[in-house]
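One file, model_8.cif, carrying mmCIF, C-alpha atoms:
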data_start
loop_
_atom_site.group_PDB
_atom_site.id
_atom_site.type_symbol
_atom_site.label_atom_id
_atom_site.label_comp_id
_atom_site.auth_asym_id
_atom_site.auth_seq_id
_atom_site.Cartn_x
_atom_site.Cartn_y
_atom_site.Cartn_z
ATOM 1 C CA ASP A 1 0.000 0.000 0.000
ATOM 2 C CA ALA A 2 3.021 2.323 -0.145
ATOM 3 C CA GLN A 3 2.176 2.929 -3.846
ATOM 4 C CA GLN A 4 5.202 5.171 -4.564
ATOM 5 C CA ILE A 5 8.693 3.708 -4.108
ATOM 6 C CA ALA A 6 11.024 6.680 -4.452
ATOM 7 C CA SER A 7 14.443 5.151 -3.716
ATOM 8 C CA ILE A 8 16.054 1.726 -3.228
ATOM 9 C CA LEU A 9 19.516 1.132 -1.737
ATOM 10 C CA VAL A 10 21.404 -2.156 -1.475
ATOM 11 C CA ASP A 11 24.187 -2.428 1.096
ATOM 12 C CA PRO A 12 27.402 -2.902 -0.978
ATOM 13 C CA LYS A 13 28.870 -5.125 1.754
ATOM 14 C CA HIS A 14 25.750 -7.181 2.561
ATOM 15 C CA ALA A 15 23.581 -7.800 -0.484
ATOM 16 C CA ASN A 16 20.590 -9.041 1.525
ATOM 17 C CA ARG A 17 20.326 -5.725 3.369
ATOM 18 C CA VAL A 18 18.010 -3.430 1.417
ATOM 19 C CA LEU A 19 16.589 0.003 2.236
ATOM 20 C CA VAL A 20 13.500 1.473 0.605
ATOM 21 C CA ALA A 21 12.049 4.994 0.699
ATOM 22 C CA ALA A 22 8.256 4.816 0.407
ATOM 23 C CA LEU A 23 6.458 8.073 -0.324
ATOM 24 C CA GLY A 24 2.931 6.744 0.201
ATOM 25 C CA HIS A 25 -0.354 7.689 -1.421
ATOM 26 C CA PRO A 26 -0.116 10.733 -3.710
ATOM 27 C CA TYR A 27 -3.668 11.976 -3.005
ATOM 28 C CA GLY A 28 -4.244 11.256 0.672
ATOM 29 C CA PRO A 29 -2.849 10.017 3.981
ATOM 30 C CA ASN A 30 -1.801 6.419 4.703
ATOM 31 C CA ALA A 31 0.418 4.691 7.227
ATOM 32 C CA GLU A 32 2.403 2.563 4.744
ATOM 33 C CA ARG A 33 5.107 5.145 4.150
ATOM 34 C CA GLY A 34 8.579 6.050 5.450
ATOM 35 C CA VAL A 35 11.858 4.105 5.354
ATOM 36 C CA PHE A 36 11.731 0.294 5.324
ATOM 37 C CA ARG A 37 14.577 -2.189 5.786
ATOM 38 C CA SER A 38 14.984 -5.808 4.762
ATOM 39 C CA ARG A 39 17.748 -8.092 6.037
ATOM 40 C CA ASP A 40 16.758 -11.087 3.898
ATOM 41 C CA GLY A 41 16.889 -9.735 0.359
ATOM 42 C CA GLY A 42 13.389 -8.294 0.366
ATOM 43 C CA GLN A 43 11.419 -11.272 1.639
ATOM 44 C CA THR A 44 10.394 -9.463 4.843
ATOM 45 C CA TRP A 45 10.414 -5.795 5.785
ATOM 46 C CA GLU A 46 10.420 -3.593 8.876
ATOM 47 C CA LYS A 47 9.516 0.087 9.064
ATOM 48 C CA ILE A 48 12.513 1.886 10.590
ATOM 49 C CA LEU A 49 11.689 5.589 10.067
ATOM 50 C CA TYR A 50 8.154 6.949 10.249
ATOM 51 C CA LYS A 51 6.684 10.344 11.194
ATOM 52 C CA ASP A 52 2.972 10.235 10.470
ATOM 53 C CA GLU A 53 0.397 9.357 7.811
ATOM 54 C CA ASN A 54 1.181 12.495 5.785
ATOM 55 C CA VAL A 55 4.986 12.310 5.646
ATOM 56 C CA GLY A 56 6.740 9.763 3.440
ATOM 57 C CA ALA A 57 10.350 9.083 2.494
ATOM 58 C CA VAL A 58 11.593 10.237 -0.905
ATOM 59 C CA ASP A 59 15.403 9.956 -0.983
ATOM 60 C CA LEU A 60 18.167 7.848 0.564
ATOM 61 C CA ALA A 61 21.972 8.100 0.565
ATOM 62 C CA LEU A 62 24.589 5.727 1.952
ATOM 63 C CA ASP A 63 28.128 6.532 3.094
ATOM 64 C CA PRO A 64 30.423 4.455 0.810
ATOM 65 C CA ARG A 65 32.971 4.034 3.623
ATOM 66 C CA ASN A 66 30.429 2.878 6.175
ATOM 67 C CA PRO A 67 27.015 1.577 5.021
ATOM 68 C CA GLN A 68 25.737 1.974 8.584
ATOM 69 C CA VAL A 69 25.601 5.731 7.913
ATOM 70 C CA ILE A 70 22.370 6.547 6.095
ATOM 71 C CA PHE A 71 20.621 9.772 5.159
ATOM 72 C CA ALA A 72 16.878 9.845 4.531
ATOM 73 C CA ASP A 73 14.680 12.678 3.337
ATOM 74 C CA MET A 74 11.150 12.729 4.727
ATOM 75 C CA TRP A 75 8.711 14.727 2.589
ATOM 76 C CA ALA A 76 5.116 15.729 3.278
ATOM 77 C CA SER A 77 3.857 15.643 -0.298
ATOM 78 C CA ARG A 78 0.347 15.838 -1.622
ATOM 79 C CA ARG A 79 -0.825 16.151 -5.216
ATOM 80 C CA PRO A 80 -4.388 17.396 -5.628
ATOM 81 C CA PRO A 81 -6.521 15.127 -7.852
ATOM 82 C CA TRP A 82 -7.187 16.144 -11.453
ATOM 83 C CA THR A 83 -4.194 18.437 -11.694
ATOM 84 C CA ASN A 84 -1.115 18.493 -13.904
ATOM 85 C CA GLY A 85 1.606 19.733 -11.604
ATOM 86 C CA GLY A 86 0.406 21.523 -8.510
ATOM 87 C CA ALA A 87 2.159 19.258 -6.006
ATOM 88 C CA TYR A 88 2.572 20.904 -2.656
ATOM 89 C CA GLY A 89 4.270 20.108 0.606
ATOM 90 C CA GLY A 90 2.882 20.158 4.095
ATOM 91 C CA SER A 91 4.560 20.393 7.455
ATOM 92 C CA GLY A 92 6.908 17.684 8.658
ATOM 93 C CA SER A 93 9.488 17.538 5.847
ATOM 94 C CA SER A 94 13.040 17.047 7.147
ATOM 95 C CA LEU A 95 16.409 15.379 6.609
ATOM 96 C CA TYR A 96 17.468 12.541 8.929
ATOM 97 C CA LYS A 97 20.729 10.715 9.621
ATOM 98 C CA SER A 98 21.387 7.297 11.124
ATOM 99 C CA THR A 99 24.807 5.996 12.145
ATOM 100 C CA ASP A 100 23.706 2.504 13.187
ATOM 101 C CA GLY A 101 22.150 1.151 10.020
ATOM 102 C CA GLY A 102 18.722 2.656 10.578
ATOM 103 C CA ASN A 103 17.973 1.562 14.136
ATOM 104 C CA ASN A 104 18.061 5.153 15.386
ATOM 105 C CA TRP A 105 17.651 8.456 13.561
ATOM 106 C CA ARG A 106 18.177 12.128 14.312
ATOM 107 C CA GLN A 107 17.022 15.174 12.430
ATOM 108 C CA ILE A 108 19.677 17.251 10.635
ATOM 109 C CA THR A 109 18.913 20.969 10.897
ATOM 110 C CA LYS A 110 22.117 23.013 11.215
ATOM 111 C CA GLY A 111 22.343 25.394 8.273
ATOM 112 C CA LEU A 112 19.264 24.029 6.479
ATOM 113 C CA PRO A 113 15.879 25.729 6.067
ATOM 114 C CA GLY A 114 13.258 24.639 8.574
ATOM 115 C CA GLU A 115 9.509 24.350 8.744
ATOM 116 C CA ALA A 116 9.154 28.122 9.123
ATOM 117 C CA ASP A 117 10.947 28.463 5.753
ATOM 118 C CA GLY A 118 8.486 26.149 4.030
ATOM 119 C CA LEU A 119 10.944 23.243 3.778
ATOM 120 C CA GLY A 120 9.878 20.646 1.238
ATOM 121 C CA ARG A 121 11.755 17.971 -0.643
ATOM 122 C CA VAL A 122 15.521 17.469 -0.131
ATOM 123 C CA GLY A 123 17.692 15.507 -2.574
ATOM 124 C CA VAL A 124 21.035 14.373 -1.125
ATOM 125 C CA ALA A 125 24.274 13.055 -2.596
ATOM 126 C CA ILE A 126 27.540 11.865 -1.037
ATOM 127 C CA SER A 127 30.898 12.201 -2.798
ATOM 128 C CA LEU A 128 32.621 8.871 -3.442
ATOM 129 C CA SER A 129 36.071 10.476 -3.525
ATOM 130 C CA ASP A 130 35.546 12.261 -0.186
ATOM 131 C CA PRO A 131 32.439 11.108 1.713
ATOM 132 C CA ASN A 132 32.720 14.055 4.106
ATOM 133 C CA ARG A 133 31.597 16.199 1.162
ATOM 134 C CA MET A 134 27.858 16.136 0.572
ATOM 135 C CA TYR A 135 25.396 18.133 -1.490
ATOM 136 C CA ALA A 136 21.694 18.726 -1.086
ATOM 137 C CA TRP A 137 19.133 20.251 -3.386
ATOM 138 C CA VAL A 138 16.744 21.836 -0.885
ATOM 139 C CA ASP A 139 13.279 22.879 -1.999
ATOM 140 C CA ALA A 140 12.000 25.607 0.322
ATOM 141 C CA LYS A 141 9.916 28.761 0.014
ATOM 142 C CA THR A 142 12.712 30.701 1.729
ATOM 143 C CA ASN A 143 16.441 29.985 1.300
ATOM 144 C CA GLY A 144 15.998 27.075 -1.083
ATOM 145 C CA GLY A 145 18.802 26.035 -3.418
ATOM 146 C CA ILE A 146 21.961 23.929 -3.572
ATOM 147 C CA TYR A 147 23.617 23.285 -0.211
ATOM 148 C CA ARG A 148 27.031 21.825 0.599
ATOM 149 C CA SER A 149 28.383 20.038 3.660
ATOM 150 C CA ASP A 150 32.044 19.311 4.414
ATOM 151 C CA ASP A 151 31.496 17.390 7.651
ATOM 152 C CA ALA A 152 29.412 14.402 6.528
ATOM 153 C CA GLY A 153 26.103 16.212 6.685
ATOM 154 C CA GLU A 154 26.319 17.646 10.182
ATOM 155 C CA THR A 155 26.304 21.293 9.037
ATOM 156 C CA TRP A 156 25.280 22.873 5.718
ATOM 157 C CA GLN A 157 25.754 26.110 3.808
ATOM 158 C CA LEU A 158 23.826 27.523 0.870
ATOM 159 C CA VAL A 159 26.132 27.772 -2.159
ATOM 160 C CA ASN A 160 23.705 28.525 -5.003
ATOM 161 C CA ASN A 161 20.118 29.746 -5.189
ATOM 162 C CA GLU A 162 19.765 30.493 -8.906
ATOM 163 C CA GLU A 163 16.185 29.932 -9.961
ATOM 164 C CA ARG A 164 17.196 28.237 -13.216
ATOM 165 C CA VAL A 165 19.123 25.610 -11.241
ATOM 166 C CA SER A 166 16.928 24.963 -8.220
ATOM 167 C CA SER A 167 13.378 25.840 -9.271
ATOM 168 C CA ARG A 168 10.794 23.048 -9.495
ATOM 169 C CA GLY A 169 12.467 21.176 -6.658
ATOM 170 C CA ASP A 170 9.330 19.156 -5.962
ATOM 171 C CA ASP A 171 9.538 17.705 -9.489
ATOM 172 C CA PHE A 172 13.260 17.071 -9.968
ATOM 173 C CA ASN A 173 15.433 17.517 -6.874
ATOM 174 C CA CYS A 174 18.324 15.319 -7.980
ATOM 175 C CA VAL A 175 21.995 16.192 -7.482
ATOM 176 C CA ARG A 176 24.893 13.845 -8.292
ATOM 177 C CA VAL A 177 28.631 14.077 -7.651
ATOM 178 C CA ASP A 178 31.412 13.075 -10.053
ATOM 179 C CA PRO A 179 32.884 9.890 -8.510
ATOM 180 C CA ARG A 180 36.455 11.150 -9.046
ATOM 181 C CA ASN A 181 36.084 14.855 -8.210
ATOM 182 C CA LYS A 182 34.090 16.120 -5.225
ATOM 183 C CA ASP A 183 33.846 19.634 -6.718
ATOM 184 C CA VAL A 184 32.063 18.500 -9.907
ATOM 185 C CA ILE A 185 28.321 18.073 -9.527
ATOM 186 C CA TYR A 186 25.324 17.693 -11.807
ATOM 187 C CA VAL A 187 21.768 18.901 -11.254
ATOM 188 C CA ALA A 188 18.849 17.730 -13.385
ATOM 189 C CA ASN A 189 16.177 20.382 -13.895
ATOM 190 C CA THR A 190 14.482 21.626 -17.060
ATOM 191 C CA SER A 191 18.053 21.491 -18.371
ATOM 192 C CA THR A 192 21.043 19.564 -17.037
ATOM 193 C CA TYR A 193 23.461 21.804 -15.159
ATOM 194 C CA LYS A 194 27.113 21.181 -14.297
ATOM 195 C CA SER A 195 29.263 22.853 -11.667
ATOM 196 C CA THR A 196 33.046 22.478 -11.413
ATOM 197 C CA ASP A 197 33.475 24.679 -8.328
ATOM 198 C CA ALA A 198 31.438 22.828 -5.698
ATOM 199 C CA GLY A 199 28.111 24.353 -6.647
ATOM 200 C CA LYS A 200 28.977 28.045 -6.768
ATOM 201 C CA ASN A 201 28.478 28.358 -10.526
ATOM 202 C CA PHE A 202 26.590 26.202 -13.034
ATOM 203 C CA THR A 203 26.669 25.816 -16.823
ATOM 204 C CA ALA A 204 23.721 24.348 -18.728
#

With the file now loaded, output its structure as structure tokens.
Amino acid sequence: DAQQIASILVDPKHANRVLVAALGHPYGPNAERGVFRSRDGGQTWEKILYKDENVGAVDLALDPRNPQVIFADMWASRRPPWTNGGAYGGSGSSLYKSTDGGNNWRQITKGLPGEADGLGRVGVAISLSDPNRMYAWVDAKTNGGIYRSDDAGETWQLVNNEERVSSRGDDFNCVRVDPRNKDVIYVANTSTYKSTDAGKNFTA
């Protein structure tokens, strides 16, 4: 009954350990949403991160050095029926981090927009060449844009808020890092944008 599976991660060291981000019903509330974990290759599942019937999980990221470190974006999304576009976010969206494989979670807030800023969807990416470097595309009514962290997601700073790069965050919200160069990132929007200076400037 989760209906929308937004992200799937497989532990690179233990293939039977799988994590799933379930967004839930697009048009109404339901309890089958959040982050789920399987330890037996998907045969059975347990819900390991859940807020309420209106907030689902939309993105996951795994530290390549230590798969016990997981980031999960919880998003309160609702799309009104009979509309093309028009998705909107409610209260409760937030970024979470676990350091014990998903048993326990804590909200990451330092440097990021909060509920008062209209925080919505957050897309996260971890650099393979330096996992302390992370990026986040943060959709928010105030102070939205591309954020960077240099301490494994503990603190964040806004590095770019150009509308052409970070608009329509509820539709796209995907940032990826070059596996060999932590300063080269790609953002998919109505065009594809590339930055070679850690998100400060982008070229279409």

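Those residues returned by the PyMOL selection byres ((chain A and resi 169-181) around 6) for this file are A:Arg121, A:Gly123, A:Ala125, A:Ser127, A:Leu128, A:Ser129, A:Trp137, A:Asp139, A:Ser167, A:Arg168, A:Lys182, A:Asp183, A:Val184, A:Ile185, A:Tyr186, A:Val187, A:Ala188, A:Asn189.
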
*Given the file shown, determine the residues that the PyMOL selection byres ((chain A and resi 120) around 10) selects; report them as a VMD selection string.*
chain A and resid 73 to 77 88 to 95 113 to 115 117 to 119 121 to 122 138 to 141 144 169 to 170

How would the residues just chosen look if you wrote them out with C-alpha atoms as a short mmCIF file (atom, residue, chain, number, x, y, z; two decimals), in the frame of the given file?
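As a result, part21.cif now contains:
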data_model
loop_
_atom_site.label_atom_id
_atom_site.label_comp_id
_atom_site.auth_asym_id
_atom_site.auth_seq_id
_atom_site.Cartn_x
_atom_site.Cartn_y
_atom_site.Cartn_z
CA ASP A 73 14.68 12.68 3.34
CA MET A 74 11.15 12.73 4.73
CA TRP A 75 8.71 14.73 2.59
CA ALA A 76 5.12 15.73 3.28
CA SER A 77 3.86 15.64 -0.30
CA TYR A 88 2.57 20.90 -2.66
CA GLY A 89 4.27 20.11 0.61
CA GLY A 90 2.88 20.16 4.10
CA SER A 91 4.56 20.39 7.46
CA GLY A 92 6.91 17.68 8.66
CA SER A 93 9.49 17.54 5.85
CA SER A 94 13.04 17.05 7.15
CA LEU A 95 16.41 15.38 6.61
CA PRO A 113 15.88 25.73 6.07
CA GLY A 114 13.26 24.64 8.57
CA GLU A 115 9.51 24.35 8.74
CA ASP A 117 10.95 28.46 5.75
CA GLY A 118 8.49 26.15 4.03
CA LEU A 119 10.94 23.24 3.78
CA ARG A 121 11.76 17.97 -0.64
CA VAL A 122 15.52 17.47 -0.13
CA VAL A 138 16.74 21.84 -0.88
CA ASP A 139 13.28 22.88 -2.00
CA ALA A 140 12.00 25.61 0.32
CA LYS A 141 9.92 28.76 0.01
CA GLY A 144 16.00 27.08 -1.08
CA GLY A 169 12.47 21.18 -6.66
CA ASP A 170 9.33 19.16 -5.96
#

*List every protein, DNA or RNA residue that has at least one atom no more than 12 Å from (29.9, 27.9, -14.7) in the file's coordinates, counting only C-alpha atoms, and write the result as a list in words.*
Asn160, Glu162, Val165, Val184, Ile185, Tyr186, Tyr193, Lys194, Ser195, Thr196, Asp197, Ala198, Gly199, Lys200, Asn201, Phe202, Thr203 and Ala204 of chain A

*Find the residues around Thr155 (chain A) up to 9 Å (only C-alpha atoms counted), leave out those fewer than 4 positions away in its own chain, and share them as an MDAnalysis selection string.*
chainID A and resid 108:112 148:151

If you keep C-alpha atoms, can you produce a file of those selected residues as a PDB file, in the frame of the given file?
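Below you can see part_25.pdb, which holds the result:
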ATOM      1  CA  ILE A 108      19.677  17.251  10.635  1.00  0.00           C
ATOM      2  CA  THR A 109      18.913  20.969  10.897  1.00  0.00           C
ATOM      3  CA  LYS A 110      22.117  23.013  11.215  1.00  0.00           C
ATOM      4  CA  GLY A 111      22.343  25.394   8.273  1.00  0.00           C
ATOM      5  CA  LEU A 112      19.264  24.029   6.479  1.00  0.00           C
ATOM      6  CA  ARG A 148      27.031  21.825   0.599  1.00  0.00           C
ATOM      7  CA  SER A 149      28.383  20.038   3.660  1.00  0.00           C
ATOM      8  CA  ASP A 150      32.044  19.311   4.414  1.00  0.00           C
ATOM      9  CA  ASP A 151      31.496  17.390   7.651  1.00  0.00           C
TER      10      ASP A 151
END

*Rounded to one decimal in Å, what is the spacing between CA of Met134 (chain A) and CA of Leu62 (chain A)?*
11.0 Å

*asked:* List as a list in words the protein and nucleic acid residues near Asp1 (chain A), meaning an atom at most 9 Å away when only C-alpha atoms are counted, but skip any in the same chain fewer than 5 places from it.
replied: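 Here the answer would be Gly24, His25, Asn30, Ala31, Glu32 and Arg33 of chain A.
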
*Å distance separating CA of Ala15 (chain A) from CA of Arg39 (chain A), one decimal place*: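 It comes out at 8.8 Å.
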
*Between CA of Val35 (chain A) and CA of Val18 (chain A), what is the spacing in Å?*
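CA of Val35 (chain A) lies at a distance of 10.5 Å from CA of Val18 (chain A).
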
*Residues within 9 Å of Asp40 (chain A), only C-alpha atoms, excluding chain neighbours under 3 positions, as a VMD selection string*: chain A and resid 15 to 18 43 to 45

*Just the residues within 7 Å of Glu46 (chain A), please, counting all atoms listed in the file, with nothing from its chain fewer than 2 positions along; format it as a PyMOL selection string.*
chain A and resi 36-38+48

_Test item: the PyMOL selection byres ((chain A and resi 106) around 10) resolved as a PyMOL selection string_ = chain A and resi 71+95-99+104-105+107-109

*Pick from A:Asn66, A:Pro29, A:Glu163, A:Ala136, whichever lies nearest to His14 (chain A) using only C-alpha atoms*: A:Asn66

*So, counting only C-alpha atoms, which residue among A:Ile146, A:Ala22, A:Ala152, A:Leu9 is closest to Glu53 (chain A)?*
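Of A:Ile146, A:Ala22, A:Ala152, A:Leu9, the one nearest Glu53 (chain A), counting only C-alpha atoms, is A:Ala22.
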
*Mind listing as a list in words all residues within 8 Å of (12.7, 4.7, -3.5), counting all atoms listed in the file?*
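Within 8 Å of (12.7, 4.7, -3.5), the protein and nucleic acid residues are Gln4, Ile5, Ala6, Ser7, Ile8, Leu9, Val20, Ala21, Ala22, Leu23, Ala57, Val58, Asp59 and Leu60 of chain A.
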
*Could you check which of A:Gly28, A:Pro81, A:Pro64, A:Gly102 is closest to Lys47 (chain A), using only C-alpha atoms?*
A:Gly102

Once 8 Å is added on each side, what centre and edge lengths in Å to one decimal does the axis-aligned box around all listed atoms of region 10-26 of chain A have, as lines of an AutoDock Vina configuration file?
center_x = 14.3
center_y = 0.8
center_z = -0.2
size_x = 45.2
size_y = 35.8
size_z = 23.1
